[in-house]
Every structure is written in structure tokens, then in C-alpha cells.
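**Student:** Structure: data24.cif, mmCIF, C-alpha atoms.
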data_entry
loop_
_atom_site.group_PDB
_atom_site.id
_atom_site.type_symbol
_atom_site.label_atom_id
_atom_site.label_comp_id
_atom_site.auth_asym_id
_atom_site.auth_seq_id
_atom_site.Cartn_x
_atom_site.Cartn_y
_atom_site.Cartn_z
ATOM 1 C CA ARG A 1 125.936 94.493 119.256
ATOM 2 C CA LEU A 2 122.966 94.826 116.933
ATOM 3 C CA GLN A 3 122.545 97.951 114.886
ATOM 4 C CA MET A 4 119.114 99.287 114.014
ATOM 5 C CA SER A 5 118.369 99.712 110.357
ATOM 6 C CA THR A 6 117.312 103.120 109.107
ATOM 7 C CA GLN A 7 114.662 101.350 107.018
ATOM 8 C CA GLU A 8 113.070 99.662 110.028
ATOM 9 C CA ILE A 9 109.282 99.572 109.927
ATOM 10 C CA LEU A 10 107.695 100.587 113.209
ATOM 11 C CA LEU A 11 104.067 100.481 114.209
ATOM 12 C CA GLN A 12 103.158 104.125 114.770
ATOM 13 C CA VAL A 13 100.334 106.586 114.214
ATOM 14 C CA GLY A 14 99.963 107.264 110.499
ATOM 15 C CA ARG A 15 101.420 103.905 109.454
ATOM 16 C CA VAL A 16 99.575 102.222 106.597
ATOM 17 C CA VAL A 17 98.573 98.624 107.375
ATOM 18 C CA TYR A 18 97.317 95.741 105.255
ATOM 19 C CA ILE A 19 94.657 93.667 107.013
ATOM 20 C CA ASN A 20 95.360 89.959 106.541
ATOM 21 C CA PHE A 21 92.566 88.358 108.598
ATOM 22 C CA GLY A 22 88.954 88.999 109.512
ATOM 23 C CA PRO A 23 85.969 90.549 107.748
ATOM 24 C CA THR A 24 88.059 93.326 106.182
ATOM 25 C CA VAL A 25 90.788 91.042 104.856
ATOM 26 C CA GLY A 26 92.722 92.414 101.895
ATOM 27 C CA LYS A 27 92.078 96.091 102.607
ATOM 28 C CA LEU A 28 94.373 98.955 103.532
ATOM 29 C CA ALA A 29 93.883 101.105 106.601
ATOM 30 C CA VAL A 30 95.794 103.716 108.604
ATOM 31 C CA VAL A 31 96.751 103.461 112.288
ATOM 32 C CA LEU A 32 95.060 106.237 114.273
ATOM 33 C CA ASP A 33 96.010 105.205 117.793
ATOM 34 C CA ILE A 34 97.967 102.495 119.559
ATOM 35 C CA ILE A 35 95.761 101.026 122.282
ATOM 36 C CA ASN A 36 98.373 98.670 123.718
ATOM 37 C CA GLU A 37 101.175 96.486 122.411
ATOM 38 C CA ASN A 38 98.704 93.980 120.962
ATOM 39 C CA SER A 39 96.003 96.135 119.382
ATOM 40 C CA VAL A 40 95.614 99.359 117.406
ATOM 41 C CA LEU A 41 92.811 101.636 116.269
ATOM 42 C CA VAL A 42 92.621 101.748 112.462
ATOM 43 C CA GLU A 43 90.454 103.370 109.821
ATOM 44 C CA GLY A 44 90.424 103.263 106.046
ATOM 45 C CA PRO A 45 87.745 105.611 104.725
ATOM 46 C CA THR A 46 88.920 105.252 101.126
ATOM 47 C CA THR A 47 89.015 101.440 101.240
ATOM 48 C CA GLY A 48 85.856 100.731 103.225
ATOM 49 C CA VAL A 49 87.411 99.954 106.602
ATOM 50 C CA ASP A 50 85.396 101.461 109.441
ATOM 51 C CA ARG A 51 87.129 102.781 112.545
ATOM 52 C CA GLN A 52 87.823 99.739 114.683
ATOM 53 C CA MET A 53 90.260 98.103 117.025
ATOM 54 C CA ILE A 54 92.298 95.327 115.393
ATOM 55 C CA PRO A 55 94.876 93.005 116.962
ATOM 56 C CA THR A 56 98.357 93.626 115.589
ATOM 57 C CA ARG A 57 98.814 89.988 114.595
ATOM 58 C CA ARG A 58 96.097 90.515 111.952
ATOM 59 C CA LEU A 59 98.111 93.277 110.264
ATOM 60 C CA THR A 60 100.947 93.418 107.770
ATOM 61 C CA LEU A 61 103.049 96.588 107.666
ATOM 62 C CA PRO A 62 103.939 97.988 104.244
ATOM 63 C CA ARG A 63 106.643 100.664 104.034
ATOM 64 C CA PHE A 64 104.238 103.608 103.943
ATOM 65 C CA ARG A 65 103.563 106.204 106.609
ATOM 66 C CA ILE A 66 101.291 109.186 106.096
ATOM 67 C CA PRO A 67 102.848 112.006 108.156
ATOM 68 C CA ALA A 68 99.731 114.186 107.904
ATOM 69 C CA VAL A 69 97.689 111.684 109.933
ATOM 70 C CA LYS A 70 97.651 112.585 113.612
ATOM 71 C CA ARG A 71 96.281 110.719 116.595
ATOM 72 C CA ASN A 72 92.468 110.228 116.566
ATOM 73 C CA MET A 73 91.808 112.423 113.520
ATOM 74 C CA ARG A 74 88.310 112.811 112.143
ATOM 75 C CA LYS A 75 87.235 110.596 109.272
ATOM 76 C CA SER A 76 87.080 113.430 106.725
ATOM 77 C CA ARG A 77 90.586 114.627 107.560
ATOM 78 C CA VAL A 78 91.972 111.106 107.382
ATOM 79 C CA GLN A 79 90.352 110.703 103.977
ATOM 80 C CA ASP A 80 91.863 113.990 102.767
ATOM 81 C CA ALA A 81 95.312 112.963 104.043
ATOM 82 C CA ILE A 82 95.102 109.573 102.290
ATOM 83 C CA THR A 83 94.038 111.054 98.959
ATOM 84 C CA SER A 84 96.661 113.808 99.055
ATOM 85 C CA PHE A 85 99.331 111.185 99.881
ATOM 86 C CA GLY A 86 98.291 109.137 96.830
ATOM 87 C CA LEU A 87 98.098 105.866 98.722
ATOM 88 C CA ALA A 88 96.276 103.894 96.015
ATOM 89 C CA GLU A 89 98.880 104.746 93.378
ATOM 90 C CA LYS A 90 101.838 104.065 95.671
ATOM 91 C CA TRP A 91 100.310 100.791 96.869
ATOM 92 C CA ALA A 92 99.755 99.601 93.295
ATOM 93 C CA THR A 93 103.478 99.935 92.537
ATOM 94 C CA THR A 94 104.632 97.703 95.414
ATOM 95 C CA GLY A 95 105.731 94.142 94.853
ATOM 96 C CA PHE A 96 103.296 92.848 97.474
ATOM 97 C CA ALA A 97 100.312 94.450 95.701
ATOM 98 C CA LYS A 98 101.460 93.048 92.364
ATOM 99 C CA LYS A 99 101.808 89.601 93.908
ATOM 100 C CA LEU A 100 98.273 89.799 95.342
ATOM 101 C CA ALA A 101 96.933 90.882 91.935
ATOM 102 C CA ARG A 102 98.656 87.928 90.248
ATOM 103 C CA GLN A 103 97.224 85.509 92.815
ATOM 104 C CA GLN A 104 93.738 86.931 92.373
ATOM 105 C CA ARG A 105 94.007 86.747 88.576
ATOM 106 C CA ARG A 106 95.212 83.137 88.656
ATOM 107 C CA SER A 107 92.413 82.118 91.035
ATOM 108 C CA VAL A 108 89.753 83.046 88.457
ATOM 109 C CA LEU A 109 91.469 81.378 85.493
ATOM 110 C CA THR A 110 90.151 78.140 84.096
ATOM 111 C CA ASP A 111 91.930 75.388 82.148
ATOM 112 C CA PHE A 112 90.795 77.005 78.899
ATOM 113 C CA GLU A 113 92.495 80.371 79.397
#
Let me see whether you can do it: turn the structure in this file into C-alpha cells.
**Tutor:**
Amino acid sequence: RLQMSTQEILLQVGRVVYINFGPTVGKLAVVLDIINENSVLVEGPTTGVDRQMIPTRRLTLPRFRIPAVKRNMRKSRVQDAITSFGLAEKWATTGFAKKLARQQRRSVLTDFE
């Protein structure tokens, strides 16, 4: 019998997502509604992601959930919830964000640096 982990990451309203494909690749957004099992409604007013439907296979789930975000909130309230949660600071401390920063830094290096 399998036991569920207490640290299990579930796709739910308020979950922070990292977009890994498409025109908004590399940006963070917040799930506002689950349309069906294959797509969600996301918005990231602090990172430049407009409200849009994105397939779940284009998302990576970090371990953050903003409990103040409710279903279909207005843009201004989502922005207030994100800033009060301190998402940018918490994201910068994760190993995944540090790895992405290292990859980006190495991509701009030349042989002379």
C-alpha cells in the first residue's frame, strides 16, 4: 500500500507555477482556476504574465502556495497577495532558481572570462 507524502505538491488554486514552454517561458505565475485536468488559468502580474489558459504539461510546480489567492481573483488583489507573500525573495532562495541563474550566467560567458 502506498502512503501519501505530507510534502506532496498538488496543482491547486494559489499554487505558484514556473512556465517552462511558450512565449512566457521562464516566468512565475499563480494558478487562479483549474479548467480541467489538462489546463489551468494562470496570472502573474508581478512577472509580466497576463491572465491566460496554459496546458499543465507546460508548467513546473515549485513548493510554494499563496493561501491568500482565491479562485478568479482580480489582478490587483493577486498582485497584492504575491507581494505580501514575498514570492520574489522566496523564489530566489530555491535551488531551482539558483540553477537557472547559473545556467543563464554561463550562457553569456566567453572563452576570455
**Student:** Exactly which residues make up the result of the PyMOL selection byres ((chain A and resi 58-72) around 8) on this file, given as a list in words?
**Tutor:** Ile9, Leu11, Val13, Gly14, Arg15, Val16, Val17, Tyr18, Ile19, Asn20, Phe21, Gly22, Leu32, Asp33, Ile54, Pro55, Thr56, Arg57, Met73, Arg74, Val78, Ala81, Ile82 and Phe85 of chain A
**Student:** Just to confirm, what's the straight-line distance from atom CA of Ile35 of chain A to atom CA of Asp50 of chain A in Å (one decimal)?
**Tutor:**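 Between atom CA of Ile35 of chain A and atom CA of Asp50 of chain A the gap works out to 16.5 Å.
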**Student:** For Leu41 of chain A, which residue out of A:Ser76, A:Gln104, A:Thr94, A:Gln12 is the nearest one, using all atoms listed in the file?
**Tutor:**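 That would be A:Gln12, the residue with the smallest distance to Leu41 of chain A.
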**Student:** Just to confirm, what's the straight-line distance from atom CA of Leu87 of chain A to atom CA of Leu28 of chain A in Å (one decimal)?
**Tutor:**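 Here the two named atoms are 9.2 Å from each other.
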**Student:** Expressed in Å to a single decimal, how great is the separation between atom CA of Leu100 of chain A and atom CA of Lys27 of chain A?
**Tutor:**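 Going from atom CA of Leu100 of chain A over to atom CA of Lys27 of chain A, I get 11.4 Å.
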**Student:** If the box runs along x, y and z of the file and leaves 8 Å on each side of segment 14-32 of chain A, what are its centre and edge lengths in Å, one decimal, as AutoDock Vina command-line options?
**Tutor:**
--center_x 93.7 --center_y 97.8 --center_z 108.1 --size_x 31.5 --size_y 34.9 --size_z 28.4
**Student:** Nearest to Gly26 of chain A: which of A:Gln52, A:Leu109, A:Thr47, A:Arg102 is it, counting only C-alpha atoms?
**Tutor:**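 Selected residue with least distance to Gly26 of chain A: A:Thr47.
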**Student:** Neighbouring residues of segment 44-46 of chain A were defined as those with any atom within 6 Å, considering all atoms listed in the file; residues of the same chain fewer than 6 positions away were excluded. Please report them as a list in words.
**Tutor:**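 Close residues of segment 44-46 of chain A: Ala29, Val30 and Gln79 of chain A.
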**Student:** For C-alpha atoms, I'd like the residues from the last selection saved as a short mmCIF file (atom, residue, chain, number, x, y, z; two decimals), in the coordinates of the input.
**Tutor:**
data_model
loop_
_atom_site.label_atom_id
_atom_site.label_comp_id
_atom_site.auth_asym_id
_atom_site.auth_seq_id
_atom_site.Cartn_x
_atom_site.Cartn_y
_atom_site.Cartn_z
CA ALA A 29 93.88 101.10 106.60
CA VAL A 30 95.79 103.72 108.60
CA GLN A 79 90.35 110.70 103.98
#
